[in-house]
Amino acid sequence: MRTVRSFLPATRGRRVALGAVVTLLLIVYAVSFLADEPIRRRLEAQMNANLVGYGAKIRAVRFHPFGFSITLKDTQIVQDKHPKPPIADFPRLHASVQWRALLSLRLVADFELDRPKIHVDRTHVAMEAKDQTPVDERGWQAALESIYPLEINEFVITDGEITYIEDKKSKPLTIDRVDFRATNIRNIRSRERTYPSEVFATGRIFEKGTFAFDGNADFMQEPYAGVKGELQIDDAPLDPFKPVAERYNLKVDKGTVSMAGAVEFSPKVKTADVSQVTIRDLDAAYVSRAAHAAEAEQLREMAAEAAKEVSNDPGILLVVRKIKADRGRVRFINELVDPGYTLLLDQATLEVANLSNHEKRPPTTGQLTGRFMGSGPTKATFTFRPETSGPNFDVAIQIQDTDMVAMNDLFRAYGNFDVASGKFGLNTELDIHDQRIEGYLKPFFVDMKVYDRKQDAGEGVMHQIYEGLVGGVARLLENPPRDSVATKATITGPVDNPRVGTLQLVLRLIQNAFFRAILPGFEAEARANA
């Protein structure tokens, strides 16, 4: 009996103690619910105090006292001057103590973002461009750190999504299924170009392509973090860029791009060493037209200026060791003349080696092949050197046996005639350096027949006479052994605009020497012999 009596008080004492503990826990748990709203208001105010040009709104906060963690529900970030739609939507943001770091006597935090969505449209971008506040002074990092009292050591994103919308008619550009993990963020300050934090990210590009990044970062660098690692992109489609490209007179109907390389981006070092870029099935065009002409010209000027700024910059190294494109179809469409015309190169293949922004590296070399206007075997070889004070390159182009009937729109636009049959060819060599141009452009017209009674039955009498005269001039210029018409334009002199881009300069030279000089010459010769 003594044993039973001595046991009962002890049992009752334990029950009382256990009940007290449970009651205390319930009270703490209940009080935590009452604290949720004050915490929400405080966090929202702190985030908004740190953000510049943007605002935050938190629908609900749940504080977990036992794990000393906090969960933010349905947090939205809006741009002050363009609040709808929000630029960011975070359904769940969870911050907690990183318990395993306690084993190393470090008190730091884990941050987890589930299904975050970033939404940017053209209006957002325009507003950001007008604002003079630098990105690193927007307060994003401070706003994130104000959520939790401990420093962030691990940051995880699960199933993220980034969307850009050009306009209401355009299909959104979406990178989704983004998984991201960064560890050891709150490391001690490291020596320059050391990156102690591990970073890994994967995702899907425009519903078809994929990307992966595996590397390291130094989140303590100022004014922004540095990162270094391997980036790989596979089969990213190009046609979603069509609405954006059209603003700059470009058409991108289809194609995919893949690439692999090493990147390093920090406040002092910016390098991209790309081992290979592969473009497949590209179908694209440049349209010369009045619409968006100002924007297109502005883009060209910005590109030329940007190329000049990065050329031979010791802090910026851009290297693409190999570019390969196959099964391409590229066009030049001119809508500024009447009638308009299209120049086509199909079955195009391109190989480029050693593309770089530094003149100390080997020059860029390449070769382009295809069929001009769908019939003429074409080959172009070129060598480019980084632009400093202006374009610096040489190029050679050979076009053979092109069906001239396919070029009638071009002849009508610049020579006011068309052909019934014939073959076209072109040889040109151009060398541009030290602000000077040297070279020639020599077109061939083989077996050209300009006037055809059946083809031109619907034309007026005067036009038929004119085409007959053009055909007569062609026969006067024939080279008897080859039954061809050949003329040559020598190109020499200073570059009139050192800011012009290399590709733009090549197109301008061909247009000036061929379209505006040689073809109208037929008309002058015809009238002289009338």
# chains A, B, ... in the order shown; residues from 1 in each chain; ligands from 1

$ residues_around --residues "Gln232 of chain A" --least-positions-apart "2" --cutoff "8 Å" --atoms "only C-alpha atoms" --output "number ranges by chain"
A: 211-213, 230, 234, 258-261

$ closest_residue --among "A:Val274, A:Ala353, A:Ala142, A:Ile147" --to "Leu317 of chain A" --atoms "only C-alpha atoms"
A:Val274

$ residues_around --residues "segment 221-227 of chain A" --least-positions-apart "2" --cutoff "8 Å" --atoms "only C-alpha atoms" --output "compact mmCIF listing (two decimals) with N, CA and C atoms, in the first residue's frame"
# COMPACT_ATOMS: atom_id res chain seq x y z
N ASP A 136 20.57 48.68 -58.44
CA ASP A 136 21.12 48.26 -57.15
C ASP A 136 20.71 49.17 -56.01
N ARG A 189 33.55 37.65 -46.10
CA ARG A 189 34.03 38.29 -47.31
C ARG A 189 35.19 37.48 -47.89
N TYR A 195 34.17 32.41 -55.26
CA TYR A 195 32.71 32.34 -55.16
C TYR A 195 32.34 31.15 -54.29
N GLY A 215 26.94 26.50 -60.84
CA GLY A 215 28.12 27.30 -60.55
C GLY A 215 28.17 27.76 -59.12
N ASN A 216 28.80 28.91 -58.93
CA ASN A 216 29.00 29.46 -57.60
C ASN A 216 28.77 30.97 -57.63
N ALA A 217 28.60 31.54 -56.44
CA ALA A 217 28.36 32.97 -56.35
C ALA A 217 29.00 33.53 -55.09
N ASP A 218 29.22 34.84 -55.10
CA ASP A 218 29.65 35.58 -53.92
C ASP A 218 28.62 36.66 -53.68
N PHE A 219 27.71 36.41 -52.75
CA PHE A 219 26.61 37.33 -52.50
C PHE A 219 27.02 38.53 -51.64
N GLY A 229 29.88 30.27 -63.47
CA GLY A 229 29.45 28.89 -63.65
C GLY A 229 29.25 28.52 -65.10
N VAL A 263 30.29 31.44 -67.88
CA VAL A 263 30.06 32.86 -67.68
C VAL A 263 30.58 33.26 -66.30
N GLU A 264 31.04 34.49 -66.22
CA GLU A 264 31.43 35.09 -64.95
C GLU A 264 30.99 36.54 -64.98
N PHE A 265 30.19 36.92 -64.01
CA PHE A 265 29.63 38.27 -63.98
C PHE A 265 29.73 38.81 -62.57
N SER A 266 30.49 39.87 -62.43
CA SER A 266 30.68 40.50 -61.11
C SER A 266 30.92 41.99 -61.33
N PRO A 267 30.97 42.78 -60.26
CA PRO A 267 31.18 44.22 -60.45
C PRO A 267 32.46 44.57 -61.20

$ select_by_dssp --residues "segment 28-78 of chain A" --states "strand (DSSP E or B)" --output "list in words"
Tyr54, Gly55, Ala56, Lys57, Ile58, Arg59, Ala60, Val61, Arg62, Phe63, His64, Ser69, Ile70, Thr71, Leu72, Lys73, Asp74, Thr75, Gln76, Ile77 and Val78 of chain A

$ write_last_selection --atoms "C-alpha atoms" --output "compact mmCIF listing (two decimals), in the first residue's frame"
# COMPACT_ATOMS: atom_id res chain seq x y z
CA TYR A 54 7.79 49.87 -56.01
CA GLY A 55 5.39 48.79 -53.29
CA ALA A 56 4.58 45.56 -51.43
CA LYS A 57 1.28 44.17 -50.19
CA ILE A 58 0.96 41.08 -47.98
CA ARG A 59 -2.44 39.40 -47.64
CA ALA A 60 -1.61 37.31 -44.57
CA VAL A 61 1.23 36.29 -42.29
CA ARG A 62 1.50 33.19 -40.14
CA PHE A 63 4.04 33.15 -37.33
CA HIS A 64 5.10 29.69 -36.07
CA SER A 69 9.53 30.54 -38.54
CA ILE A 70 7.22 32.77 -40.53
CA THR A 71 5.10 32.29 -43.66
CA LEU A 72 3.95 35.13 -45.91
CA LYS A 73 0.89 34.35 -48.02
CA ASP A 74 0.00 36.04 -51.32
CA THR A 75 2.60 38.77 -51.34
CA GLN A 76 2.46 41.13 -54.33
CA ILE A 77 4.98 43.67 -55.62
CA VAL A 78 3.69 46.52 -57.81

$ residues_around --residues "segment 330-347 of chain A" --least-positions-apart "3" --cutoff "8 Å" --atoms "only C-alpha atoms" --output "number ranges by chain"
A: 282-290, 326-327, 369-374, 407, 409-410, 412-413

$ atom_distance --atom1 "atom CA of Lys208 of chain A" --atom2 "atom CA of Leu350 of chain A"
23.8 Å

$ select_by_dssp --residues "segment 312-450 of chain A" --states "helix (DSSP H, G or I)" --output "NGL selection string"
:A and (404-415)

$ atom_distance --atom1 "atom CA of Glu166 of chain A" --atom2 "atom CA of Thr133 of chain A"
23.5 Å

$ atom_distance --atom1 "atom CA of Leu173 of chain A" --atom2 "atom CA of Phe241 of chain A"
7.6 Å

$ closest_residue --among "A:Asp281, A:Glu351, A:Glu207, A:Asp80" --to "Asp176 of chain A" --atoms "only C-alpha atoms"
A:Glu207

$ residues_around --residues "Glu438 of chain A" --least-positions-apart "4" --cutoff "6 Å" --atoms "only C-alpha atoms" --output "PyMOL selection string"
chain A and resi 430-431+491-492

$ residues_around --residues "Asn184 of chain A" --least-positions-apart "2" --cutoff "9 Å" --atoms "only C-alpha atoms" --output "NGL selection string"
:A and (152-154 or 182 or 186-187 or 196-198)
